[in-house]
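Below is the file work11.cif, which contains mmCIF, C-alpha atoms.
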data_final
#
loop_
_atom_site.group_PDB
_atom_site.id
_atom_site.type_symbol
_atom_site.label_atom_id
_atom_site.label_comp_id
_atom_site.auth_asym_id
_atom_site.auth_seq_id
_atom_site.Cartn_x
_atom_site.Cartn_y
_atom_site.Cartn_z
ATOM 1 C CA MET A 1 9.993 34.350 28.418
ATOM 2 C CA THR A 2 6.691 33.086 27.083
ATOM 3 C CA GLY A 3 6.974 32.459 23.350
ATOM 4 C CA LEU A 4 10.697 31.718 23.548
ATOM 5 C CA ILE A 5 11.350 28.835 25.905
ATOM 6 C CA ALA A 6 7.635 27.988 25.939
ATOM 7 C CA ALA A 7 4.696 28.296 23.582
ATOM 8 C CA SER A 8 2.863 31.628 23.597
ATOM 9 C CA THR A 9 -0.568 30.063 23.018
ATOM 10 C CA SER A 10 -2.427 28.870 26.102
ATOM 11 C CA VAL A 11 -3.389 25.239 26.543
ATOM 12 C CA ALA A 12 -7.056 26.250 26.525
ATOM 13 C CA ASP A 13 -6.631 27.984 23.173
ATOM 14 C CA LYS A 14 -4.799 25.006 21.680
ATOM 15 C CA ARG A 15 -7.620 22.690 22.687
ATOM 16 C CA ALA A 16 -10.235 25.100 21.371
ATOM 17 C CA ALA A 17 -8.340 25.286 18.075
ATOM 18 C CA PHE A 18 -8.322 21.495 17.788
ATOM 19 C CA ARG A 19 -12.064 21.316 18.462
ATOM 20 C CA ALA A 20 -12.783 24.095 15.969
ATOM 21 C CA GLY A 21 -10.541 22.483 13.376
ATOM 22 C CA LEU A 22 -12.431 19.207 13.554
ATOM 23 C CA GLN A 23 -15.644 21.095 12.751
ATOM 24 C CA SER A 24 -14.147 23.407 10.116
ATOM 25 C CA GLY A 25 -14.539 21.233 7.028
ATOM 26 C CA LYS A 26 -10.773 21.561 6.493
ATOM 27 C CA ILE A 27 -8.713 18.485 7.248
ATOM 28 C CA GLN A 28 -6.385 18.866 10.225
ATOM 29 C CA ARG A 29 -2.907 17.561 9.375
ATOM 30 C CA PHE A 30 -0.861 16.220 12.297
ATOM 31 C CA PRO A 31 2.652 15.040 11.389
ATOM 32 C CA GLY A 32 4.439 13.048 14.049
ATOM 33 C CA ALA A 33 7.089 14.880 16.060
ATOM 34 C CA ILE A 34 9.986 12.771 17.316
ATOM 35 C CA ASN A 35 11.207 15.587 19.564
ATOM 36 C CA PRO A 36 10.373 19.210 20.448
ATOM 37 C CA LEU A 37 12.589 20.614 17.678
ATOM 38 C CA THR A 38 10.568 18.685 15.095
ATOM 39 C CA ALA A 39 7.377 20.161 16.559
ATOM 40 C CA LYS A 40 8.771 23.667 16.047
ATOM 41 C CA LEU A 41 9.421 22.840 12.395
ATOM 42 C CA ILE A 42 5.917 21.375 11.963
ATOM 43 C CA GLN A 43 4.494 24.654 13.245
ATOM 44 C CA GLU A 44 6.758 26.828 11.105
ATOM 45 C CA ILE A 45 5.817 24.988 7.917
ATOM 46 C CA GLY A 46 2.125 25.543 8.591
ATOM 47 C CA PHE A 47 0.484 22.315 9.709
ATOM 48 C CA GLU A 48 -2.576 22.373 11.947
ATOM 49 C CA GLY A 49 -1.298 20.140 14.727
ATOM 50 C CA VAL A 50 1.400 17.850 16.089
ATOM 51 C CA TYR A 51 1.094 14.124 16.745
ATOM 52 C CA VAL A 52 3.136 12.002 19.143
ATOM 53 C CA SER A 53 3.302 8.392 17.975
ATOM 54 C CA GLY A 54 3.676 5.603 20.498
ATOM 55 C CA GLY A 55 5.471 3.530 17.873
ATOM 56 C CA ALA A 56 7.946 6.295 17.066
ATOM 57 C CA PHE A 57 8.542 6.999 20.749
ATOM 58 C CA SER A 58 9.213 3.361 21.601
ATOM 59 C CA ALA A 59 11.476 3.029 18.545
ATOM 60 C CA GLY A 60 13.442 6.043 19.742
ATOM 61 C CA LEU A 61 14.054 4.144 22.973
ATOM 62 C CA GLY A 62 15.228 1.128 20.975
ATOM 63 C CA LEU A 63 12.064 -0.821 21.781
ATOM 64 C CA PRO A 64 9.387 -2.431 19.579
ATOM 65 C CA ASP A 65 5.833 -1.090 19.651
ATOM 66 C CA ILE A 66 4.367 -3.805 21.875
ATOM 67 C CA GLY A 67 3.259 -1.840 24.924
ATOM 68 C CA LEU A 68 6.610 -1.627 26.710
ATOM 69 C CA THR A 69 6.526 2.112 27.395
ATOM 70 C CA THR A 70 4.800 3.550 30.457
ATOM 71 C CA LEU A 71 2.318 6.339 31.079
ATOM 72 C CA THR A 72 4.995 8.409 32.819
ATOM 73 C CA GLU A 73 7.457 8.054 29.933
ATOM 74 C CA VAL A 74 4.919 8.885 27.232
ATOM 75 C CA VAL A 75 3.433 11.879 29.050
ATOM 76 C CA SER A 76 6.836 13.292 30.003
ATOM 77 C CA HIS A 77 8.017 13.093 26.381
ATOM 78 C CA SER A 78 4.761 14.589 25.107
ATOM 79 C CA ARG A 79 4.844 17.420 27.648
ATOM 80 C CA GLN A 80 8.223 18.539 26.298
ATOM 81 C CA ILE A 81 6.836 18.604 22.777
ATOM 82 C CA ALA A 82 3.650 20.471 23.707
ATOM 83 C CA ALA A 83 5.643 23.084 25.637
ATOM 84 C CA VAL A 84 7.428 24.460 22.558
ATOM 85 C CA THR A 85 4.587 24.687 20.047
ATOM 86 C CA ASP A 86 1.484 26.814 19.661
ATOM 87 C CA LEU A 87 -0.211 23.933 17.855
ATOM 88 C CA PRO A 88 -2.493 21.387 19.539
ATOM 89 C CA VAL A 89 -0.740 18.106 20.334
ATOM 90 C CA LEU A 90 -2.529 14.760 20.014
ATOM 91 C CA ILE A 91 -0.862 11.718 21.533
ATOM 92 C CA ASP A 92 -1.044 7.960 21.201
ATOM 93 C CA ALA A 93 -2.053 6.626 24.623
ATOM 94 C CA ASP A 94 -2.178 2.963 23.563
ATOM 95 C CA THR A 95 -4.822 1.117 25.602
ATOM 96 C CA GLY A 96 -4.719 3.641 28.445
ATOM 97 C CA PHE A 97 -1.861 1.747 30.120
ATOM 98 C CA GLY A 98 -4.065 -0.709 31.974
ATOM 99 C CA GLU A 99 -7.620 -1.143 33.167
ATOM 100 C CA PRO A 100 -10.373 1.524 32.821
ATOM 101 C CA MET A 101 -9.137 3.297 35.938
ATOM 102 C CA SER A 102 -5.710 3.551 34.311
ATOM 103 C CA ALA A 103 -7.320 5.110 31.234
ATOM 104 C CA ALA A 104 -8.909 7.695 33.515
ATOM 105 C CA ARG A 105 -5.546 8.482 35.085
ATOM 106 C CA THR A 106 -4.029 8.745 31.606
ATOM 107 C CA VAL A 107 -6.509 11.478 30.680
ATOM 108 C CA LEU A 108 -5.711 13.429 33.845
ATOM 109 C CA ALA A 109 -1.981 13.159 33.213
ATOM 110 C CA ALA A 110 -2.372 14.233 29.591
ATOM 111 C CA GLU A 111 -4.445 17.244 30.588
ATOM 112 C CA ASP A 112 -1.850 18.241 33.181
ATOM 113 C CA ALA A 113 0.870 17.960 30.504
ATOM 114 C CA GLY A 114 -0.822 20.569 28.305
ATOM 115 C CA LEU A 115 -1.928 18.193 25.573
ATOM 116 C CA ALA A 116 -4.959 18.767 23.367
ATOM 117 C CA GLY A 117 -6.111 15.182 23.078
ATOM 118 C CA LEU A 118 -5.260 11.499 23.043
ATOM 119 C CA HIS A 119 -6.457 8.302 21.466
ATOM 120 C CA LEU A 120 -7.246 5.047 23.211
ATOM 121 C CA GLU A 121 -7.468 1.772 21.335
ATOM 122 C CA ASP A 122 -9.460 -1.417 21.697
ATOM 123 C CA GLN A 123 -6.569 -3.850 21.548
ATOM 124 C CA VAL A 124 -5.809 -6.140 24.444
ATOM 125 C CA ASN A 125 -3.094 -4.943 26.797
ATOM 126 C CA PRO A 126 -0.200 -5.122 25.970
ATOM 127 C CA LYS A 127 -0.873 -3.965 22.417
ATOM 128 C CA ARG A 128 1.105 -4.133 19.202
ATOM 129 C CA CYS A 129 1.534 -1.925 16.150
ATOM 130 C CA GLY A 130 -1.775 -1.562 14.326
ATOM 131 C CA HIS A 131 -0.283 -2.568 10.979
ATOM 132 C CA LEU A 132 1.064 -5.899 12.215
ATOM 133 C CA ASP A 133 -0.805 -9.179 11.974
ATOM 134 C CA GLY A 134 -1.779 -11.192 15.024
ATOM 135 C CA LYS A 135 -3.506 -8.378 16.904
ATOM 136 C CA ALA A 136 -6.240 -9.118 19.439
ATOM 137 C CA ILE A 137 -9.038 -6.805 20.535
ATOM 138 C CA VAL A 138 -11.102 -6.643 23.680
ATOM 139 C CA PRO A 139 -14.890 -7.109 23.606
ATOM 140 C CA THR A 140 -16.814 -3.982 22.654
ATOM 141 C CA ASP A 141 -18.276 -3.548 26.139
ATOM 142 C CA GLU A 142 -14.808 -3.582 27.684
ATOM 143 C CA MET A 143 -13.623 -0.811 25.358
ATOM 144 C CA VAL A 144 -16.799 1.125 26.134
ATOM 145 C CA ARG A 145 -15.917 0.951 29.843
ATOM 146 C CA ARG A 146 -12.397 2.151 29.003
ATOM 147 C CA LEU A 147 -13.806 5.121 27.105
ATOM 148 C CA ARG A 148 -16.439 5.996 29.673
ATOM 149 C CA ALA A 149 -13.782 6.058 32.385
ATOM 150 C CA ALA A 150 -11.687 8.399 30.254
ATOM 151 C CA VAL A 151 -14.613 10.689 29.433
ATOM 152 C CA THR A 152 -15.744 10.800 33.064
ATOM 153 C CA ALA A 153 -12.231 11.715 34.245
ATOM 154 C CA ARG A 154 -11.858 14.554 31.745
ATOM 155 C CA ARG A 155 -11.938 17.984 33.384
ATOM 156 C CA ASP A 156 -11.624 20.191 30.296
ATOM 157 C CA PRO A 157 -14.530 19.542 27.921
ATOM 158 C CA ASN A 158 -12.355 20.709 25.008
ATOM 159 C CA PHE A 159 -9.796 17.960 25.603
ATOM 160 C CA VAL A 160 -10.357 15.557 22.691
ATOM 161 C CA ILE A 161 -10.781 11.858 23.406
ATOM 162 C CA CYS A 162 -10.346 9.797 20.268
ATOM 163 C CA ALA A 163 -11.307 6.126 20.106
ATOM 164 C CA ARG A 164 -9.219 3.883 17.891
ATOM 165 C CA THR A 165 -10.513 0.538 16.708
ATOM 166 C CA ASP A 166 -8.353 -2.234 15.269
ATOM 167 C CA ALA A 167 -11.364 -4.372 14.428
ATOM 168 C CA ALA A 168 -11.253 -3.870 10.651
ATOM 169 C CA GLY A 169 -8.206 -6.100 10.232
ATOM 170 C CA ILE A 170 -9.579 -8.772 12.563
ATOM 171 C CA ASP A 171 -13.371 -8.949 12.168
ATOM 172 C CA GLY A 172 -13.868 -6.844 9.040
ATOM 173 C CA ILE A 173 -14.939 -3.298 8.278
ATOM 174 C CA ASP A 174 -18.595 -3.811 9.206
ATOM 175 C CA ALA A 175 -17.580 -4.896 12.703
ATOM 176 C CA ALA A 176 -15.317 -1.846 12.942
ATOM 177 C CA ILE A 177 -18.222 0.397 11.982
ATOM 178 C CA GLU A 178 -20.421 -1.084 14.697
ATOM 179 C CA ARG A 179 -17.676 -0.582 17.238
ATOM 180 C CA ALA A 180 -17.176 3.007 16.120
ATOM 181 C CA LYS A 181 -20.857 3.728 16.677
ATOM 182 C CA ALA A 182 -20.695 2.220 20.171
ATOM 183 C CA TYR A 183 -17.579 4.249 20.963
ATOM 184 C CA ALA A 184 -19.233 7.455 19.796
ATOM 185 C CA GLU A 185 -22.204 6.702 22.020
ATOM 186 C CA ALA A 186 -19.784 6.155 24.930
ATOM 187 C CA GLY A 187 -18.533 9.715 24.511
ATOM 188 C CA ALA A 188 -15.647 9.587 22.037
ATOM 189 C CA ASP A 189 -15.184 12.869 20.159
ATOM 190 C CA LEU A 190 -13.221 11.407 17.253
ATOM 191 C CA ILE A 191 -12.925 7.938 15.707
ATOM 192 C CA PHE A 192 -9.701 6.455 14.363
ATOM 193 C CA THR A 193 -10.075 3.222 12.397
ATOM 194 C CA GLU A 194 -6.712 1.532 12.008
ATOM 195 C CA ALA A 195 -5.411 -0.265 8.923
ATOM 196 C CA LEU A 196 -8.149 0.461 6.392
ATOM 197 C CA HIS A 197 -6.786 -0.668 3.041
ATOM 198 C CA THR A 198 -8.328 1.392 0.244
ATOM 199 C CA ARG A 199 -10.017 4.684 -0.496
ATOM 200 C CA ALA A 200 -13.274 2.756 -0.821
ATOM 201 C CA ASN A 201 -12.860 1.545 2.780
ATOM 202 C CA PHE A 202 -12.347 5.100 3.985
ATOM 203 C CA GLU A 203 -15.429 6.225 2.036
ATOM 204 C CA LYS A 204 -17.551 3.399 3.455
ATOM 205 C CA PHE A 205 -16.526 4.309 6.980
ATOM 206 C CA ARG A 206 -17.285 7.984 6.433
ATOM 207 C CA THR A 207 -20.753 7.178 5.101
ATOM 208 C CA ALA A 208 -21.573 4.955 8.071
ATOM 209 C CA VAL A 209 -20.235 7.016 10.995
ATOM 210 C CA ASP A 210 -21.436 10.554 11.649
ATOM 211 C CA ILE A 211 -18.860 11.964 14.066
ATOM 212 C CA PRO A 212 -15.381 13.326 13.205
ATOM 213 C CA LEU A 213 -12.978 10.763 11.749
ATOM 214 C CA LEU A 214 -9.187 10.502 11.769
ATOM 215 C CA ALA A 215 -7.142 8.748 9.077
ATOM 216 C CA ASN A 216 -3.713 7.208 9.598
ATOM 217 C CA MET A 217 -1.388 7.667 6.622
ATOM 218 C CA THR A 218 1.591 5.630 7.757
ATOM 219 C CA GLU A 219 4.160 4.286 5.330
ATOM 220 C CA PHE A 220 4.894 0.589 4.720
ATOM 221 C CA GLY A 221 1.584 -0.411 6.313
ATOM 222 C CA LYS A 222 -1.713 -1.794 5.126
ATOM 223 C CA SER A 223 -3.340 1.496 4.086
ATOM 224 C CA GLN A 224 -3.187 3.087 0.662
ATOM 225 C CA LEU A 225 -1.468 6.479 1.002
ATOM 226 C CA ILE A 226 -4.252 8.928 0.185
ATOM 227 C CA PRO A 227 -3.457 12.667 -0.178
ATOM 228 C CA ALA A 228 -4.871 14.970 2.475
ATOM 229 C CA GLN A 229 -6.965 16.794 -0.131
ATOM 230 C CA ALA A 230 -8.630 13.517 -1.131
ATOM 231 C CA LEU A 231 -9.291 12.568 2.497
ATOM 232 C CA GLU A 232 -10.837 16.000 3.022
ATOM 233 C CA ALA A 233 -13.054 15.483 -0.023
ATOM 234 C CA ILE A 234 -14.217 12.145 1.410
ATOM 235 C CA GLY A 235 -15.118 13.966 4.608
ATOM 236 C CA TYR A 236 -12.311 13.066 6.990
ATOM 237 C CA ASN A 237 -11.570 15.617 9.676
ATOM 238 C CA ALA A 238 -7.983 14.803 10.618
ATOM 239 C CA VAL A 239 -4.991 12.840 9.353
ATOM 240 C CA ILE A 240 -1.821 11.731 11.126
ATOM 241 C CA TYR A 241 1.597 10.921 9.661
ATOM 242 C CA PRO A 242 2.855 9.111 12.758
ATOM 243 C CA VAL A 243 6.315 7.757 11.956
ATOM 244 C CA THR A 244 7.218 9.763 8.835
ATOM 245 C CA THR A 245 9.708 12.113 10.488
ATOM 246 C CA LEU A 246 11.428 9.251 12.301
ATOM 247 C CA ARG A 247 11.785 7.288 9.073
ATOM 248 C CA LEU A 248 13.133 10.320 7.221
ATOM 249 C CA ALA A 249 15.604 11.058 9.991
ATOM 250 C CA MET A 250 16.770 7.474 10.476
ATOM 251 C CA GLY A 251 17.175 6.957 6.737
ATOM 252 C CA ALA A 252 19.440 10.007 6.541
ATOM 253 C CA ILE A 253 21.328 9.065 9.712
ATOM 254 C CA GLU A 254 22.022 5.547 8.497
ATOM 255 C CA ARG A 255 23.245 6.729 5.082
ATOM 256 C CA GLY A 256 25.451 9.340 6.702
ATOM 257 C CA LEU A 257 27.005 6.990 9.226
ATOM 258 C CA ARG A 258 27.839 4.518 6.467
ATOM 259 C CA VAL A 259 29.594 7.263 4.503
ATOM 260 C CA ILE A 260 31.638 8.299 7.551
ATOM 261 C CA HIS A 261 32.496 4.667 8.259
ATOM 262 C CA GLU A 262 33.640 4.074 4.678
ATOM 263 C CA GLU A 263 35.276 7.430 3.887
ATOM 264 C CA GLY A 264 36.533 8.473 7.290
ATOM 265 C CA THR A 265 34.974 11.939 6.987
ATOM 266 C CA GLN A 266 31.577 13.623 6.697
ATOM 267 C CA GLU A 267 32.823 16.115 4.108
ATOM 268 C CA THR A 268 30.680 14.740 1.268
ATOM 269 C CA LEU A 269 27.589 14.918 3.474
ATOM 270 C CA VAL A 270 27.758 18.557 4.534
ATOM 271 C CA ASP A 271 25.505 19.819 1.749
ATOM 272 C CA GLN A 272 22.798 17.393 2.930
ATOM 273 C CA MET A 273 22.807 18.726 6.487
ATOM 274 C CA GLN A 274 20.728 21.405 8.147
ATOM 275 C CA THR A 275 23.123 24.307 8.520
ATOM 276 C CA ARG A 276 24.113 25.808 11.832
ATOM 277 C CA SER A 277 22.436 29.084 10.852
ATOM 278 C CA ARG A 278 19.190 27.315 9.933
ATOM 279 C CA LEU A 279 19.194 25.436 13.230
ATOM 280 C CA TYR A 280 19.730 28.678 15.133
ATOM 281 C CA GLU A 281 16.938 30.300 13.138
ATOM 282 C CA LEU A 282 14.551 27.489 14.069
ATOM 283 C CA LEU A 283 15.615 27.752 17.707
ATOM 284 C CA GLU A 284 15.044 31.529 17.561
ATOM 285 C CA TYR A 285 18.397 32.306 19.154
ATOM 286 C CA GLU A 286 18.302 35.981 18.265
ATOM 287 C CA ARG A 287 14.980 36.599 20.019
ATOM 288 C CA TYR A 288 16.546 35.720 23.349
ATOM 289 C CA ASN A 289 18.520 38.943 23.089
ATOM 290 C CA GLU A 290 15.279 40.821 23.773
ATOM 291 C CA PHE A 291 15.400 39.504 27.326
ATOM 292 C CA ASP A 292 19.052 39.106 28.189
ATOM 293 C CA SER A 293 21.943 40.308 26.069
ATOM 294 C CA GLY A 294 24.219 38.161 28.207
ATOM 295 C CA VAL A 295 22.564 35.047 26.834
ATOM 296 C CA PHE A 296 22.990 36.130 23.222
ATOM 297 C CA ASN A 297 26.444 37.647 22.910
ATOM 298 C CA PHE A 298 27.646 36.260 19.601
ATOM 299 C CA THR A 299 26.920 36.618 15.893
ATOM 300 C CA LEU A 300 26.002 33.992 13.335
ATOM 301 C CA GLY A 301 28.825 34.124 10.842
ATOM 302 C CA GLY A 302 29.624 32.104 7.771
ATOM 303 C CA ASN A 303 27.576 29.552 5.893
ATOM 304 C CA GLN A 304 27.478 27.000 8.704
#
Would you write the structure of this file as structure tokens?
Amino acid sequence: MTGLIAASTSVADKRAAFRAGLQSGKIQRFPGAINPLTAKLIQEIGFEGVYVSGGAFSAGLGLPDIGLTTLTEVVSHSRQIAAVTDLPVLIDADTGFGEPMSAARTVLAAEDAGLAGLHLEDQVNPKRCGHLDGKAIVPTDEMVRRLRAAVTARRDPNFVICARTDAAGIDGIDAAIERAKAYAEAGADLIFTEALHTRANFEKFRTAVDIPLLANMTEFGKSQLIPAQALEAIGYNAVIYPVTTLRLAMGAIERGLRVIHEEGTQETLVDQMQTRSRLYELLEYERYNEFDSGVFNFTLGGNQ
């Protein structure tokens, strides 16, 4: 049932597509998926990839983004997302969940889960959200060891290892640039500089660093929200929207629950909901009939 209950594109092809996209001159847009169904929608709409945010995942568990989730939890969640989409999936692997050897194990687990890449950051372990104050980073040589362990462990050369630095908000943008250069030399394929403030900061970073760069366009943070077309013009290769879908969903959920609590019914909310027929369309119910008419033995009637 390839293409129905699982993606029809091979893992190797997804990784190759991610690599090619980073070299294409066209910015690769990776919205965050909070679950597999969201990943299917990201693909249908036409984005180039899917991102799995550590912050969104921990929030979904009712936990703050301070390094409380485990490698097993993150990879299991990400595997489910990667399984339903033909797009490459990039995940947030925090600090690699421990020492350099743990970063190596993280890469192996991510490869086994069918992911296209991950990013490791230079915060101390446990970490915290990159747009919060009070962060601490490890010395450059320690992060270099973390990256070299990850690169050495990698079995598929097309699996993308992205290095994230949080140095800009702590030691300034020049220090972040120097770290980025060291991380590239250690084998990183992609550099993610967290919490740059302005377009000028993004431009300065692009001028100084000559490997592919990823921008984080998260809401309510420290970065100016720059359109993808403008980031592409600057020369950025990829952009993530890590928590956007969670914030959209939770905003709608909260408003809806308050209406039900106050009015005793969801009747006034129905026109704001995804219909039953649209959900079934996204889930591709009807295609299952090609394999087993016993699975699909009903019709989609009404405007539900």
query: Near Pro227 of chain A, within 12 Å and counting all atoms listed in the file, which residues show up once chain neighbours fewer than 4 positions away are dropped, as a list of chain:residue names?
result: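 Surrounding residues, per the criterion: A:Ile27, A:Arg29, A:Arg199, A:Ala215, A:Asn216, A:Met217, A:Thr218, A:Ser223, A:Leu231, A:Glu232, A:Ala233, A:Ile234, A:Tyr236, A:Ala238, A:Val239, A:Ile240, A:Tyr241.
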task: Kindly extract all protein, DNA and RNA residues lying within 9 Å of the coordinates (-3.9, 1.8, 18.5) given in the file, considering all atoms listed in the file, and supply them as a count of residues only.
output: 21
query: When the PyMOL selection byres ((chain A and resi 68) around 12) is applied to the file above, which residues end up in the set, as a list of chain:residue names?
result: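 Applying the PyMOL selection byres ((chain A and resi 68) around 12) to the structure shown produces A:Gly54, A:Gly55, A:Phe57, A:Ser58, A:Ala59, A:Leu61, A:Gly62, A:Leu63, A:Pro64, A:Asp65, A:Ile66, A:Gly67, A:Thr69, A:Thr70, A:Leu71, A:Thr72, A:Glu73, A:Val74, A:Asp94, A:Thr95, A:Phe97, A:Gly98, A:Asn125, A:Pro126, A:Lys127, A:Arg128, A:Cys129.
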As lines of an AutoDock Vina configuration file: centre and edge lengths in Å, one decimal, of the axis-aligned box holding segment 109-128 of chain A with 5 Å per side:
center_x = -4.2
center_y = 7.2
center_z = 26.2
size_x = 20.6
size_y = 36.7
size_z = 24.0
- line: atom CA of Leu283 of chain A sits from atom CA of Gly117 of chain A at a separation of 25.7 Å
field: Residues in the PyMOL selection byres ((chain A and resi 246-258) around 12), expressed as a VMD selection string
entry: chain A and resid 31 to 35 38 52 to 60 218 to 220 241 to 245 259 to 274
query: Between atom CA of Ser78 of chain A and atom CA of Arg278 of chain A, what is the spacing in Å?
result: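 Between atom CA of Arg278 of chain A and atom CA of Ser78 of chain A the gap works out to 24.5 Å.
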field: Computed interatomic separation between atom CA of Gly96 of chain A and atom CA of Ala168 of chain A (Å)
entry: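 These atoms are spaced 20.4 Å apart.
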task: Evaluate the PyMOL selection byres ((chain A and resi 213) around 9) on the structure here and hand back the selected residues as a ChimeraX atom specification.
output: /A:22,162,189-193,205-206,209-212,214-215,235-239
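Comparing A:Leu147, A:Gly25, A:Ala104, A:Ile161 by their smallest distance to Ile91 of chain A, the closest is A:Ile161 (using all atoms listed in the file).
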query: Taking only C-alpha atoms into account, which of A:Leu41, A:Ala184, A:Ala6, A:Ala16 comes nearest Val151 of chain A?
result: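 Looking only at the distances to Val151 of chain A, the closest residue turns out to be A:Ala184.
Using only C-alpha atoms, the shortest contact distance between Phe159 of chain A and any of A:Ala110, A:Lys26, A:Pro100, A:Gln229 is found at A:Ala110.
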task: Pick out the closest residue to Tyr280 of chain A from this set: A:Ala12, A:Ala186, A:Ala180, A:Leu37. Count all atoms listed in the file.
output: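 Using all atoms listed in the file, the shortest distance to Tyr280 of chain A belongs to A:Leu37.
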field: Using all atoms listed in the file: which of A:Arg145, A:Asp86, A:Asn201, A:Ala175 has the shortest distance to Arg15 of chain A
entry: A:Asp86
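With all atoms listed in the file as the basis for measurement, A:Leu87 is the residue among A:Ala39, A:Val124, A:Val107, A:Leu87 that approaches Asp13 of chain A most closely.
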Please complete segment 57-63 of chain A so it has all heavy atoms, and hand it over as an mmCIF file, in the coordinates of the input.
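selection_19.cif, written as the output of this step:
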data_model
loop_
_atom_site.group_PDB
_atom_site.id
_atom_site.type_symbol
_atom_site.label_atom_id
_atom_site.label_comp_id
_atom_site.auth_asym_id
_atom_site.auth_seq_id
_atom_site.Cartn_x
_atom_site.Cartn_y
_atom_site.Cartn_z
ATOM 1 N N PHE A 57 7.911 6.776 19.454
ATOM 2 C CA PHE A 57 8.542 6.999 20.749
ATOM 3 C C PHE A 57 9.251 5.743 21.237
ATOM 4 O O PHE A 57 10.405 5.787 21.684
ATOM 5 C CB PHE A 57 7.499 7.451 21.768
ATOM 6 C CG PHE A 57 8.040 7.607 23.165
ATOM 7 C CD1 PHE A 57 9.087 8.466 23.420
ATOM 8 C CD2 PHE A 57 7.498 6.892 24.216
ATOM 9 C CE1 PHE A 57 9.604 8.603 24.709
ATOM 10 C CE2 PHE A 57 7.998 7.029 25.506
ATOM 11 C CZ PHE A 57 9.057 7.883 25.751
ATOM 12 N N SER A 58 8.582 4.603 21.150
ATOM 13 C CA SER A 58 9.213 3.361 21.601
ATOM 14 C C SER A 58 10.425 3.032 20.732
ATOM 15 O O SER A 58 11.462 2.580 21.250
ATOM 16 C CB SER A 58 8.206 2.203 21.603
ATOM 17 O OG SER A 58 7.696 1.958 20.315
ATOM 18 N N ALA A 59 10.333 3.276 19.427
ATOM 19 C CA ALA A 59 11.476 3.029 18.545
ATOM 20 C C ALA A 59 12.659 3.900 18.934
ATOM 21 O O ALA A 59 13.818 3.459 18.908
ATOM 22 C CB ALA A 59 11.086 3.282 17.093
ATOM 23 N N GLY A 60 12.384 5.150 19.307
ATOM 24 C CA GLY A 60 13.442 6.043 19.742
ATOM 25 C C GLY A 60 14.152 5.554 20.990
ATOM 26 O O GLY A 60 15.324 5.893 21.225
ATOM 27 N N LEU A 61 13.461 4.752 21.787
ATOM 28 C CA LEU A 61 14.054 4.144 22.973
ATOM 29 C C LEU A 61 14.721 2.806 22.659
ATOM 30 O O LEU A 61 15.247 2.146 23.559
ATOM 31 C CB LEU A 61 12.981 3.925 24.049
ATOM 32 C CG LEU A 61 12.322 5.186 24.620
ATOM 33 C CD1 LEU A 61 11.225 4.794 25.603
ATOM 34 C CD2 LEU A 61 13.345 6.084 25.295
ATOM 35 N N GLY A 62 14.669 2.414 21.371
ATOM 36 C CA GLY A 62 15.228 1.128 20.975
ATOM 37 C C GLY A 62 14.335 -0.041 21.295
ATOM 38 O O GLY A 62 14.808 -1.182 21.423
ATOM 39 N N LEU A 63 13.020 0.216 21.408
ATOM 40 C CA LEU A 63 12.064 -0.821 21.781
ATOM 41 C C LEU A 63 11.012 -1.011 20.697
ATOM 42 O O LEU A 63 10.630 -0.045 20.029
ATOM 43 C CB LEU A 63 11.354 -0.429 23.084
ATOM 44 C CG LEU A 63 12.226 -0.252 24.321
ATOM 45 C CD1 LEU A 63 11.402 0.370 25.457
ATOM 46 C CD2 LEU A 63 12.810 -1.590 24.759
#
